[in-house]
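See below for my_file.csv, which holds CSV, C-alpha atoms.
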```csv
chain,number,residue,atom,x,y,z
M,79,MET,CA,-15.4,49.4,24.0
M,80,ASN,CA,-14.5,50.5,20.5
M,81,THR,CA,-12.4,47.6,19.0
M,82,GLU,CA,-10.6,49.9,16.6
M,83,VAL,CA,-9.0,52.2,19.2
M,84,LYS,CA,-5.2,52.1,19.4
M,85,VAL,CA,-3.8,52.6,22.9
M,86,PRO,CA,-0.1,53.5,23.5
M,87,VAL,CA,1.3,51.9,26.7
M,88,GLN,CA,4.6,51.6,28.5
M,89,VAL,CA,5.6,48.1,29.5
M,90,ASP,CA,8.8,47.9,31.5
M,91,GLY,CA,10.2,51.0,29.7
M,92,ARG,CA,9.1,49.8,26.2
M,93,THR,CA,6.5,51.6,24.2
M,94,LEU,CA,3.8,49.4,22.7
M,95,THR,CA,0.6,50.2,20.8
M,96,LEU,CA,-2.2,47.9,21.8
M,97,THR,CA,-5.1,47.5,19.3
M,98,ASN,CA,-8.6,46.0,19.2
M,99,LEU,CA,-8.8,45.7,23.0
M,100,GLY,CA,-12.6,45.2,23.0
M,101,LYS,CA,-12.5,42.4,20.4
M,102,VAL,CA,-13.9,39.2,21.9
M,103,LEU,CA,-11.4,36.4,21.5
M,104,TYR,CA,-13.3,33.7,23.5
M,105,PRO,CA,-17.0,34.0,22.5
M,106,ASP,CA,-18.3,31.4,24.9
M,107,SER,CA,-17.2,33.5,27.9
M,108,GLY,CA,-17.0,37.0,26.3
M,109,PHE,CA,-13.2,37.2,27.2
M,110,THR,CA,-11.7,40.1,25.3
M,111,LYS,CA,-8.3,40.9,23.9
M,112,ALA,CA,-7.8,43.3,26.8
M,113,GLU,CA,-8.5,40.5,29.3
M,114,VAL,CA,-6.0,38.2,27.4
M,115,LEU,CA,-3.4,40.9,27.7
M,116,ASP,CA,-4.1,41.3,31.4
M,117,TYR,CA,-3.9,37.5,31.8
M,118,TYR,CA,-0.5,37.3,30.1
M,119,GLN,CA,0.8,40.2,32.2
M,120,ARG,CA,-0.3,38.4,35.4
M,121,VAL,CA,1.1,35.0,34.5
M,122,ALA,CA,4.4,36.3,33.0
M,123,PRO,CA,6.5,35.6,36.1
M,124,ALA,CA,5.5,31.9,35.9
M,125,LEU,CA,5.4,31.7,32.0
M,126,LEU,CA,8.6,33.5,31.0
M,127,PRO,CA,11.1,31.2,32.5
M,128,HIS,CA,9.7,28.3,30.4
M,129,ILE,CA,9.8,30.2,27.0
M,130,ALA,CA,12.8,32.6,27.4
M,131,GLY,CA,15.6,32.0,25.1
M,132,ARG,CA,13.6,29.6,22.9
M,133,PRO,CA,12.5,30.3,19.3
M,134,LEU,CA,8.7,30.9,19.4
M,135,THR,CA,6.0,29.9,17.0
M,136,LEU,CA,2.7,31.7,17.6
M,137,LYS,CA,-0.7,30.2,16.9
M,138,ARG,CA,-2.7,33.4,16.1
M,139,TYR,CA,-6.4,33.8,16.4
M,140,PRO,CA,-7.1,37.3,14.9
M,141,GLU,CA,-10.9,36.6,14.8
M,142,GLY,CA,-11.0,34.8,18.1
M,143,VAL,CA,-10.9,31.1,18.9
M,144,ASP,CA,-14.0,30.3,16.8
M,145,GLY,CA,-12.4,32.0,13.7
M,146,GLU,CA,-9.6,31.1,11.4
M,147,ALA,CA,-6.3,30.5,13.1
M,148,PHE,CA,-2.8,30.1,11.7
M,149,PHE,CA,0.7,29.3,12.9
M,150,GLN,CA,3.4,32.0,12.5
M,151,LYS,CA,7.0,30.8,12.6
M,152,HIS,CA,8.6,33.7,10.8
M,153,VAL,CA,8.3,36.8,13.0
M,154,THR,CA,6.6,39.7,11.3
M,155,ALA,CA,8.8,42.4,9.7
M,156,HIS,CA,6.6,45.0,11.3
M,157,ARG,CA,7.9,44.7,14.8
M,158,PRO,CA,9.6,47.0,17.3
M,159,ASP,CA,13.4,47.1,16.8
M,160,TRP,CA,13.9,45.8,20.4
M,161,ILE,CA,12.0,42.5,19.7
M,162,ARG,CA,14.6,39.7,19.8
M,163,THR,CA,14.7,37.2,17.0
M,164,ALA,CA,16.7,34.1,16.2
M,165,THR,CA,17.5,32.8,12.8
M,166,VAL,CA,17.5,29.0,12.7
M,167,GLU,CA,18.3,26.7,9.8
M,168,SER,CA,15.3,24.7,8.6
M,169,ASP,CA,15.0,21.7,6.2
M,170,SER,CA,11.2,22.0,6.3
M,171,SER,CA,9.3,22.0,3.0
M,172,ARG,CA,7.2,24.8,4.5
M,173,ALA,CA,10.1,27.1,5.2
M,174,ARG,CA,10.7,30.2,3.1
M,175,GLY,CA,14.3,29.3,2.1
M,176,THR,CA,16.7,27.5,4.3
M,177,THR,CA,16.2,29.5,7.5
M,178,VAL,CA,13.3,30.7,9.7
M,179,THR,CA,13.5,34.0,11.7
M,180,TYR,CA,11.7,33.3,14.9
M,181,LEU,CA,10.4,35.6,17.6
M,182,VAL,CA,12.2,35.1,21.0
M,183,VAL,CA,10.1,36.2,24.0
M,184,ASP,CA,12.4,36.9,27.0
M,185,ASP,CA,10.5,39.6,28.8
M,186,LEU,CA,7.1,41.1,29.5
M,187,PRO,CA,7.2,43.7,26.7
M,188,ALA,CA,7.8,41.0,24.1
M,189,LEU,CA,5.1,38.8,25.6
M,190,ILE,CA,2.6,41.6,25.5
M,191,TRP,CA,3.6,42.4,22.0
M,192,ALA,CA,3.0,38.8,20.9
M,193,ALA,CA,-0.3,38.6,22.8
M,194,ASN,CA,-1.4,41.8,21.1
M,195,LEU,CA,-1.1,39.9,17.8
M,196,ALA,CA,-3.8,37.5,19.2
M,197,GLY,CA,-1.0,35.0,19.7
M,198,LEU,CA,-3.0,32.8,22.1
M,199,GLU,CA,-0.8,29.7,21.8
M,200,LEU,CA,3.0,29.9,22.3
M,201,HIS,CA,4.9,26.9,21.0
M,202,VAL,CA,8.6,26.5,21.8
M,203,PRO,CA,11.1,23.7,21.1
M,204,MET,CA,12.8,21.6,23.8
M,205,TRP,CA,16.1,23.6,23.4
M,206,ARG,CA,17.3,27.2,24.0
M,207,MET,CA,19.3,29.5,21.8
M,208,PRO,CA,22.2,29.3,21.0
M,209,ASP,CA,22.2,25.6,21.5
M,210,VAL,CA,20.1,24.7,18.5
M,211,ARG,CA,18.6,21.3,18.7
M,212,GLU,CA,20.4,20.4,21.9
M,213,PRO,CA,17.5,19.7,24.2
M,214,ASP,CA,17.3,20.8,27.8
M,215,LEU,CA,13.9,19.3,28.3
M,216,LEU,CA,12.5,15.8,28.2
M,217,VAL,CA,8.8,15.8,27.4
M,218,PHE,CA,6.3,12.9,27.8
M,219,ASP,CA,3.1,13.7,25.9
M,220,LEU,CA,0.3,11.7,27.4
M,221,ASP,CA,-2.9,11.7,25.3
M,222,PRO,CA,-5.6,9.5,26.6
M,223,GLY,CA,-7.1,8.6,23.2
M,224,ALA,CA,-10.3,9.4,21.4
M,225,ARG,CA,-12.7,8.9,24.3
M,226,PRO,CA,-10.8,9.8,27.4
M,227,THR,CA,-12.2,9.6,30.9
M,228,SER,CA,-10.8,11.5,33.8
M,229,PRO,CA,-9.6,8.4,35.6
M,230,THR,CA,-7.8,7.2,32.4
M,231,ALA,CA,-6.1,10.6,32.0
M,232,ALA,CA,-5.1,10.8,35.6
M,233,GLY,CA,-3.7,7.3,35.6
M,234,TRP,CA,-0.8,7.9,33.2
M,235,PRO,CA,1.1,10.3,35.4
M,236,ARG,CA,0.7,7.9,38.4
M,237,ARG,CA,2.2,5.1,36.2
M,238,CYS,CA,5.1,7.4,35.3
M,239,ALA,CA,5.8,8.6,38.9
M,240,PRO,CA,8.0,5.7,40.0
M,241,SER,CA,10.4,6.2,37.2
M,242,TRP,CA,10.5,9.9,37.7
M,243,GLN,CA,11.1,9.6,41.4
M,244,LEU,CA,14.4,7.9,40.6
M,245,THR,CA,15.7,11.1,39.0
M,246,ALA,CA,16.8,14.4,40.5
M,247,TRP,CA,15.4,16.2,37.4
M,248,PRO,CA,13.2,19.2,38.2
M,249,ARG,CA,9.8,18.3,36.7
M,250,TRP,CA,6.3,19.7,36.2
M,251,ALA,CA,3.1,18.9,34.4
M,252,LYS,CA,0.9,20.9,32.0
M,253,THR,CA,-2.3,20.3,30.1
M,254,SER,CA,-2.0,19.7,26.3
M,255,GLY,CA,-4.9,20.5,24.1
M,256,GLY,CA,-8.4,19.7,25.3
M,257,LYS,CA,-7.7,16.3,27.0
M,258,GLY,CA,-4.0,15.6,27.2
M,259,LEU,CA,-1.2,16.0,29.7
M,260,GLN,CA,2.5,16.6,29.3
M,261,LEU,CA,5.1,15.8,31.8
M,262,TYR,CA,8.3,17.9,31.6
M,263,ALA,CA,11.7,17.2,33.1
M,264,ALA,CA,14.6,19.6,32.9
M,265,ILE,CA,17.8,17.9,31.7
M,266,SER,CA,21.2,19.1,30.5
M,267,GLY,CA,22.9,18.1,27.3
```

Let me see the file written as structure tokens.
Amino acid sequence: MNTEVKVPVQVDGRTLTLTNLGKVLYPDSGFTKAEVLDYYQRVAPALLPHIAGRPLTLKRYPEGVDGEAFFQKHVTAHRPDWIRTATVESDSSRARGTTVTYLVVDDLPALIWAANLAGLELHVPMWRMPDVREPDLLVFDLDPGARPTSPTAAGWPRRCAPSWQLTAWPRWAKTSGGKGLQLYAAISG
């Protein structure tokens, strides 16, 4: 497939132009950008509830996972006018001024638009707009250390389970990086 072809598509009534669909983003498996877009489309029903309403930082891999990657906090100015953004005050020394204008991915068209930028990692805070810095998630980040073993990594969630069973918080687990695990609990306030 020619990687330079631009393909106009309709996603839930929004017009998008997808690019470089044949570009291999995961060289070890040959997984292309088209396959990444298909994957995001298929997992969107499970993914979107976790990121909707949250300012999003993309980790972009324009040359694939073996190439240079970068974090993008400020949403690009070259975006469709229907892409939702959120401006958040920032004290970070890396901020361009006193605010950051983030992408907010609430729906499938915005998710596909972000994935088309080779945004392979989606990073959101533990709070939703407009309640800036008022968390609605509690996260336990369990990294097993420099030389983890499967039993070591699996043991931490079991050690946390008794405490979690005392709460009525909805909770779930997800992988973190190459060897870690994160346990999430939905909280209010």

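Of the residues listed (M:Asp144, M:Glu82, M:Asp90, M:Asp185), M:Asp144 shows the shortest atom-to-atom separation from M:Asp106; distances use only C-alpha atoms.
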
Q. Could you pull the residues within 9 Å of stretch 194-201 of chain M, counting all atoms listed in the file, minus those fewer than 5 positions along the same chain, as a list in words?
A. Thr95, Leu96, Thr97, Asn98, Leu99, Leu103, Lys111, Ala112, Val114, Leu115, Ile129, Pro133, Leu134, Thr135, Leu136, Lys137, Arg138, Tyr139, Pro140, Glu141, Gly142, Val143, Gln150 and Leu189 of chain M

Q) Restricting the calculation to all atoms listed in the file, which member of M:Val83, M:Trp250, M:Leu181, M:Pro208 is positioned closest to M:Asp159? A)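 Counting all atoms listed in the file, the residue closest to M:Asp159 is M:Leu181.
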
Q) Can you tell me how far atom CA of M:Met207 sits from atom CA of M:Leu126, in Å to one decimal? A)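 The value is 14.7 Å.
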
(Q) If I take atom CA of M:Ala188 and atom CA of M:Tyr118, how far is one from the other in Å, to one decimal? (A) 10.9 Å

Q | Nearest residue to M:Tyr180 from the set M:Asp219, M:Lys252, M:Ala147, M:Arg132 (distances using all atoms listed in the file) | A |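 Between M:Asp219, M:Lys252, M:Ala147, M:Arg132, the residue approaching M:Tyr180 most closely is M:Arg132.
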
Q | Separation of atom CA of M:His152 from atom CA of M:Thr179 in Å | A | 5.0 Å

Q.
Taking only C-alpha atoms into account, name the residue in M:Glu167, M:Asp116, M:Asp184, M:Glu146 that is nearest to M:Val210.
A. M:Glu167

Q: Give me the residues within 9 Å of M:Pro248 as a list in words, counting only C-alpha atoms and dropping any in the same chain fewer than 4 places off.
A: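 Everything that qualifies: Tyr262, Ala263, Ala264 and Ile265 of chain M.
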
Q: List every protein, DNA or RNA residue with an atom no more than 12 Å from (4.5, 52.1, 24.2) in the file's coordinates, counting all atoms listed in the file, and format the result as a list of chain:residue names.
A: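 Here the neighbourhood of the point contains M:Lys84, M:Val85, M:Pro86, M:Val87, M:Gln88, M:Val89, M:Asp90, M:Gly91, M:Arg92, M:Thr93, M:Leu94, M:Thr95, M:Leu96, M:Thr97, M:Pro158, M:Trp160, M:Pro187, M:Ala188, M:Ile190, M:Trp191.
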
Q.
Within 9 Å of (10.2, 21.2, 21.6) in the file's own coordinates, which protein, DNA or RNA residues have an atom, counting all atoms listed in the file? List them as a VMD selection string.
A. chain M and resid 201 to 205 211 213 215 to 217

Q | Residue nearest M:Val153 - candidates M:Ser168, M:Arg206, M:Val178, M:Val121, atoms counted: all atoms listed in the file | A |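 The shortest atom-to-atom distance to M:Val153 comes from M:Val178.
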